[in-house]
Amino acid sequence: MARSTSRRPGINRRAQYSLFASYVIAIAGAITGLVALVLAKADPAGFAVLRAGAAEITRPVSATLSSMVGGIGSIDEHVLAYINAGSQNAALRRQVEANRVKMIEAQAIEQENIRLKKLLKLTQSTDSEVATARLISSSSASLRRIARINAGSRQGVQAGMPVRAPEGLIGRVLVVGPNSADVLLLTDSQNIVPVRRASDNVAAISTGLDDGTLEIRPLSAGTSPFKPGDIMVTTGTGGLYSPNIPVAVVVALKGGFAIGVPLASPARVEAVMVERPYDANIPPPPAADNAAGATAP
Amino acid sequence: MSGESLNGPVPVPRLGRTPSRLRIHGTPVLCVMLGSMIPALLPLISQSPTLPPLGLLFLLSWRLLHREIWPLWIGAPLGAFDDLMSGNPLGTAIFLWSVIIIAIEFADERLFWRDYWHDWLIAVPACLTFLGGSFLIARMGGSAVPAFLLLPQLLWSALFYPLIVRITAGMDRWRMMA
């Protein structure tokens with residue numbers, strides 16, 4: 001394609017000025033972008049309204065599509081399931097036999113648990129759930145790991161609330177719109193969760209690695225005490241996530257820390273629950289006089 | 001080829017009919033906006049950056065197909081829309097798309113003519129600029145994302161570009177027909 005001539009104004013004064021003006025406007029646009037970036041860094045929630053508005057535009061389509069498609073993310077698993085059908089069948093049968101025994105044991109333990117709780121007059125608060133939603137889309141072209149749910153401020157969702165699936169923790173709410181909300185996934189490198197090993201109480205910090213895995217750093221110095229197969233659950237430290245939500249399973253060791261995979265894969269979970277921050281369930285100390293707790297009577 | 005300029009004569013493919021101004025000017029803009037919206041529309045929950053920057057690819061293919069289709073400052077408004085749709089901090093695409101459009105303008109001043117391979121060789125570095133720039137901005141924003149996660153996206157962009165050009169050419173044909 002040969003070059004055209006109309007952006008070479010020649011000696012036409014008016015054309016020269018308009019060409020110059022277009023460069024000025026274009027460079028001003030680029031500078032606007034830089035200013036917006038600085039503002040976004042200074043006040044990350046500043047443009048939340050715009051982003052939430054944009055989310056409202058796409059929500060009807062992505063929510064409809066996600067209800068029609070049973071999860072594009074798990075297509076590879078379906079294919080593998082067909083290939084491995086025979087051997088998997090036998091293995092699953094054995095597992096079902098083993099699980100049946102364990103389930104009966106678990107039921108007995110649950111009965112005992114209820115009885116003991118009654119004895120202790122402990123009432124576990126179960127009103128922490130705010131809304132149930134579905135993951136409808138994600139930032140799949142961006143470096144941030146953000147997913148969108150089809151519940152927003154109209155359903156009672158607020159920024160900062162933890163989001164979990166029955167299988168485990170998903171993340172926390174970042175930006176809230178009227179009917180949709182953006183969730184910072186567990187695997188984002190800016191999502192840090194205090195965890196502990198489920199079997200004993202070895203504490204650790206889980207940080208996302210942005211590639212679908214987590215880095216689990218033990219709080220104690222020295223070599224990593226974790227080994228592949230360890231299940232990590234939340235501790236409740238920090239007051240955001242309630243304790244004992246399953247987080248990840250350790251799959252490998254690398255240097256001084258362990259690599260974990262989230263137990264609740266966002267591509268596979270059917271529904272997620274938005275919960276109240278754990279701290280909000282604890283009544284504040286009566287003598288405390290801080291501004292943050294001043295709204296509570 | 002004389003009818004490509006915005007100010008020039010409008011092509012009249014069928015006797016006595018001209019495409020509406022909305023169709024002539026709106027199609028490319030809507031096409032780029034739709035490309036930006038695709039990640040937010042698909043029910044795809046990805047665990048790493050997977051989709052190529054489709055909005056940018058459409059922007060590049062329209063710009064390289066028709067040199068004077070847009071004013072120079074088009075990168076800012078379309079970039080703002082892309083920022084709202086993708087998860088990038090607002091300002092990322094406003095800045096980087098503006099820079100890319102200005103850079104292509106300078107490249108056009110130097111190149112006497114260009115063909116398909118030149119377009120491809122312009123589009124791939126432009127995608128690298130955008131992905132690398134958004135990586136640096138994400139890093140400055142406090143993310144610890146490793147650089148190798150950009151490679152699949154860059155590869156997809158390079159491989160997707162010819163397809164995007166075909167789609168753009170088809171839409172352009174429709175746009176010109178009354």
# chains A, B, ... in the order shown; residues from 1 in each chain; ligands from 1
$ residues_around --residues "Leu143 in chain A" --least-positions-apart "5" --cutoff "8 Å" --atoms "only C-alpha atoms" --output "list in words"
Asp210 of chain A; Ser48, Pro49, Gly87, Asn88, Ser134, Phe135, Ala138 and Val145 of chain B
$ write_last_selection --atoms "N, CA and C atoms" --output "PDB file, in the first residue's frame"
ATOM      1  N   ASP A 210       0.201 -15.854  40.352  1.00  0.00           N
ATOM      2  CA  ASP A 210      -0.373 -15.350  39.105  1.00  0.00           C
ATOM      3  C   ASP A 210      -0.472 -16.393  37.995  1.00  0.00           C
TER       4      ASP A 210
ATOM      5  N   SER B  48      -4.360 -17.675  34.241  1.00  0.00           N
ATOM      6  CA  SER B  48      -3.194 -16.897  33.816  1.00  0.00           C
ATOM      7  C   SER B  48      -3.628 -16.104  32.589  1.00  0.00           C
ATOM      8  N   PRO B  49      -2.863 -15.075  32.181  1.00  0.00           N
ATOM      9  CA  PRO B  49      -3.280 -14.319  31.003  1.00  0.00           C
ATOM     10  C   PRO B  49      -3.317 -15.222  29.777  1.00  0.00           C
ATOM     11  N   GLY B  87      -8.871  -5.882  33.139  1.00  0.00           N
ATOM     12  CA  GLY B  87      -8.610  -5.633  34.550  1.00  0.00           C
ATOM     13  C   GLY B  87      -7.429  -4.704  34.781  1.00  0.00           C
ATOM     14  N   ASN B  88      -6.873  -4.128  33.715  1.00  0.00           N
ATOM     15  CA  ASN B  88      -5.690  -3.276  33.870  1.00  0.00           C
ATOM     16  C   ASN B  88      -6.042  -1.991  34.595  1.00  0.00           C
ATOM     17  N   SER B 134       2.134  -2.925  29.950  1.00  0.00           N
ATOM     18  CA  SER B 134       1.155  -3.241  30.994  1.00  0.00           C
ATOM     19  C   SER B 134       1.796  -4.111  32.078  1.00  0.00           C
ATOM     20  N   PHE B 135       2.807  -4.915  31.679  1.00  0.00           N
ATOM     21  CA  PHE B 135       3.555  -5.691  32.672  1.00  0.00           C
ATOM     22  C   PHE B 135       4.297  -4.755  33.631  1.00  0.00           C
ATOM     23  N   ALA B 138       1.846  -3.046  35.865  1.00  0.00           N
ATOM     24  CA  ALA B 138       1.355  -3.959  36.907  1.00  0.00           C
ATOM     25  C   ALA B 138       2.408  -4.139  37.988  1.00  0.00           C
ATOM     26  N   VAL B 145       3.917 -10.306  39.234  1.00  0.00           N
ATOM     27  CA  VAL B 145       3.676 -11.248  38.137  1.00  0.00           C
ATOM     28  C   VAL B 145       4.985 -11.526  37.379  1.00  0.00           C
TER      29      VAL B 145
END
$ residues_around --residues "Val183 in chain A" --least-positions-apart "2" --cutoff "12 Å" --atoms "only C-alpha atoms" --output "MDAnalysis selection string"
(chainID A and resid 52 133:139 144:152 157:164 169:177 180:181 185:188 191 266 272:274) or (chainID B and resid 45 87)
$ closest_residue --among "A:Asn12, A:Thr237, A:Ser142, A:Ser189" --to "Gly208 in chain A" --atoms "only C-alpha atoms"
A:Ser189
$ closest_atom_pairs --of "chain B" --to "chain A" --cutoff "6 Å" --atoms "only C-alpha atoms" --output "JSON lines"
{"residue": "B:Pro39", "atom": "CA", "partner": "A:Ser140", "partner_atom": "CA", "distance": 5.8}
{"residue": "B:Ala40", "atom": "CA", "partner": "A:Ser137", "partner_atom": "CA", "distance": 5.7}
{"residue": "B:Leu41", "atom": "CA", "partner": "A:Ser62", "partner_atom": "CA", "distance": 4.6}
{"residue": "B:Leu42", "atom": "CA", "partner": "A:Ser62", "partner_atom": "CA", "distance": 5.7}
{"residue": "B:Pro43", "atom": "CA", "partner": "A:Ser137", "partner_atom": "CA", "distance": 4.5}
{"residue": "B:Leu44", "atom": "CA", "partner": "A:Ser137", "partner_atom": "CA", "distance": 5.4}
{"residue": "B:Ile45", "atom": "CA", "partner": "A:Ala267", "partner_atom": "CA", "distance": 5.0}
{"residue": "B:Ser46", "atom": "CA", "partner": "A:Ser140", "partner_atom": "CA", "distance": 5.4}
{"residue": "B:Gln47", "atom": "CA", "partner": "A:Gly212", "partner_atom": "CA", "distance": 4.7}
{"residue": "B:Ser48", "atom": "CA", "partner": "A:Asp211", "partner_atom": "CA", "distance": 4.9}
{"residue": "B:Pro49", "atom": "CA", "partner": "A:Ser140", "partner_atom": "CA", "distance": 5.2}
{"residue": "B:Thr50", "atom": "CA", "partner": "A:Ser140", "partner_atom": "CA", "distance": 5.7}
{"residue": "B:Leu51", "atom": "CA", "partner": "A:Ala141", "partner_atom": "CA", "distance": 4.7}
{"residue": "B:Pro52", "atom": "CA", "partner": "A:Ala141", "partner_atom": "CA", "distance": 5.9}
{"residue": "B:Pro53", "atom": "CA", "partner": "A:Ala141", "partner_atom": "CA", "distance": 5.9}
{"residue": "B:Leu72", "atom": "CA", "partner": "A:Ala26", "partner_atom": "CA", "distance": 5.6}
{"residue": "B:Trp73", "atom": "CA", "partner": "A:Ala26", "partner_atom": "CA", "distance": 3.9}
{"residue": "B:Ala76", "atom": "CA", "partner": "A:Gly29", "partner_atom": "CA", "distance": 5.2}
{"residue": "B:Leu84", "atom": "CA", "partner": "A:Arg51", "partner_atom": "CA", "distance": 5.2}
{"residue": "B:Ser86", "atom": "CA", "partner": "A:Ser139", "partner_atom": "CA", "distance": 5.7}
{"residue": "B:Gly87", "atom": "CA", "partner": "A:Ser139", "partner_atom": "CA", "distance": 5.3}
{"residue": "B:Gly91", "atom": "CA", "partner": "A:Gly33", "partner_atom": "CA", "distance": 4.0}
{"residue": "B:Ile94", "atom": "CA", "partner": "A:Gly33", "partner_atom": "CA", "distance": 4.7}
{"residue": "B:Phe95", "atom": "CA", "partner": "A:Ala30", "partner_atom": "CA", "distance": 4.2}
{"residue": "B:Ser98", "atom": "CA", "partner": "A:Ala30", "partner_atom": "CA", "distance": 5.3}
{"residue": "B:Trp113", "atom": "CA", "partner": "A:Ala2", "partner_atom": "CA", "distance": 4.4}
{"residue": "B:Arg114", "atom": "CA", "partner": "A:Met1", "partner_atom": "CA", "distance": 5.3}
{"residue": "B:Asp115", "atom": "CA", "partner": "A:Met1", "partner_atom": "CA", "distance": 5.9}
{"residue": "B:Ser143", "atom": "CA", "partner": "A:Ser189", "partner_atom": "CA", "distance": 5.7}
{"residue": "B:Ala144", "atom": "CA", "partner": "A:Ser189", "partner_atom": "CA", "distance": 5.6}
{"residue": "B:Val145", "atom": "CA", "partner": "A:Asp210", "partner_atom": "CA", "distance": 5.8}
$ write_last_selection --atoms "C-alpha atoms" --output "mmCIF file, in the first residue's frame"
data_model
loop_
_atom_site.group_PDB
_atom_site.id
_atom_site.type_symbol
_atom_site.label_atom_id
_atom_site.label_comp_id
_atom_site.auth_asym_id
_atom_site.auth_seq_id
_atom_site.Cartn_x
_atom_site.Cartn_y
_atom_site.Cartn_z
ATOM 1 C CA PRO B 39 -12.733 -11.057 27.686
ATOM 2 C CA ALA B 40 -15.484 -9.581 29.867
ATOM 3 C CA LEU B 41 -18.231 -11.257 27.845
ATOM 4 C CA LEU B 42 -16.867 -14.797 27.716
ATOM 5 C CA PRO B 43 -17.636 -17.019 30.717
ATOM 6 C CA LEU B 44 -13.979 -18.010 30.874
ATOM 7 C CA ILE B 45 -12.327 -18.019 34.300
ATOM 8 C CA SER B 46 -8.641 -18.092 33.435
ATOM 9 C CA GLN B 47 -5.807 -18.771 35.839
ATOM 10 C CA SER B 48 -3.194 -16.897 33.816
ATOM 11 C CA PRO B 49 -3.280 -14.319 31.003
ATOM 12 C CA THR B 50 -4.611 -16.392 28.094
ATOM 13 C CA LEU B 51 -6.492 -14.252 25.587
ATOM 14 C CA PRO B 52 -4.554 -11.908 23.282
ATOM 15 C CA PRO B 53 -5.341 -8.164 23.561
ATOM 16 C CA LEU B 72 -4.225 10.632 15.795
ATOM 17 C CA TRP B 73 -5.784 10.899 19.244
ATOM 18 C CA ALA B 76 -6.898 7.692 24.172
ATOM 19 C CA LEU B 84 -12.526 -0.309 31.814
ATOM 20 C CA SER B 86 -9.895 -5.421 31.012
ATOM 21 C CA GLY B 87 -8.610 -5.633 34.550
ATOM 22 C CA GLY B 91 -4.610 4.679 32.112
ATOM 23 C CA ILE B 94 -4.894 5.166 27.255
ATOM 24 C CA PHE B 95 -1.157 5.766 27.429
ATOM 25 C CA SER B 98 -1.747 6.577 22.183
ATOM 26 C CA TRP B 113 5.062 1.604 0.982
ATOM 27 C CA ARG B 114 4.153 -1.432 3.014
ATOM 28 C CA ASP B 115 2.592 -4.814 2.313
ATOM 29 C CA SER B 143 1.931 -7.068 41.503
ATOM 30 C CA ALA B 144 4.714 -9.669 41.417
ATOM 31 C CA VAL B 145 3.676 -11.248 38.137
#
$ closest_residue --among "B:Pro152, B:Ala103, B:Leu57, B:Asp172" --to "Cys127 in chain B" --atoms "only C-alpha atoms"
B:Leu57
$ select_by_dssp --residues "range 75-291 of chain A" --states "strand (DSSP E)" --output "PyMOL selection string"
chain A and resi 129-133+135-138+146-149+162-165+168-176+181-185+192-197+203-208+214-218+231-234+246-254+257-262+272-275
$ atom_distance --atom1 "CA of Pro243 in chain A" --atom2 "CA of Asp230 in chain A"
17.0 Å
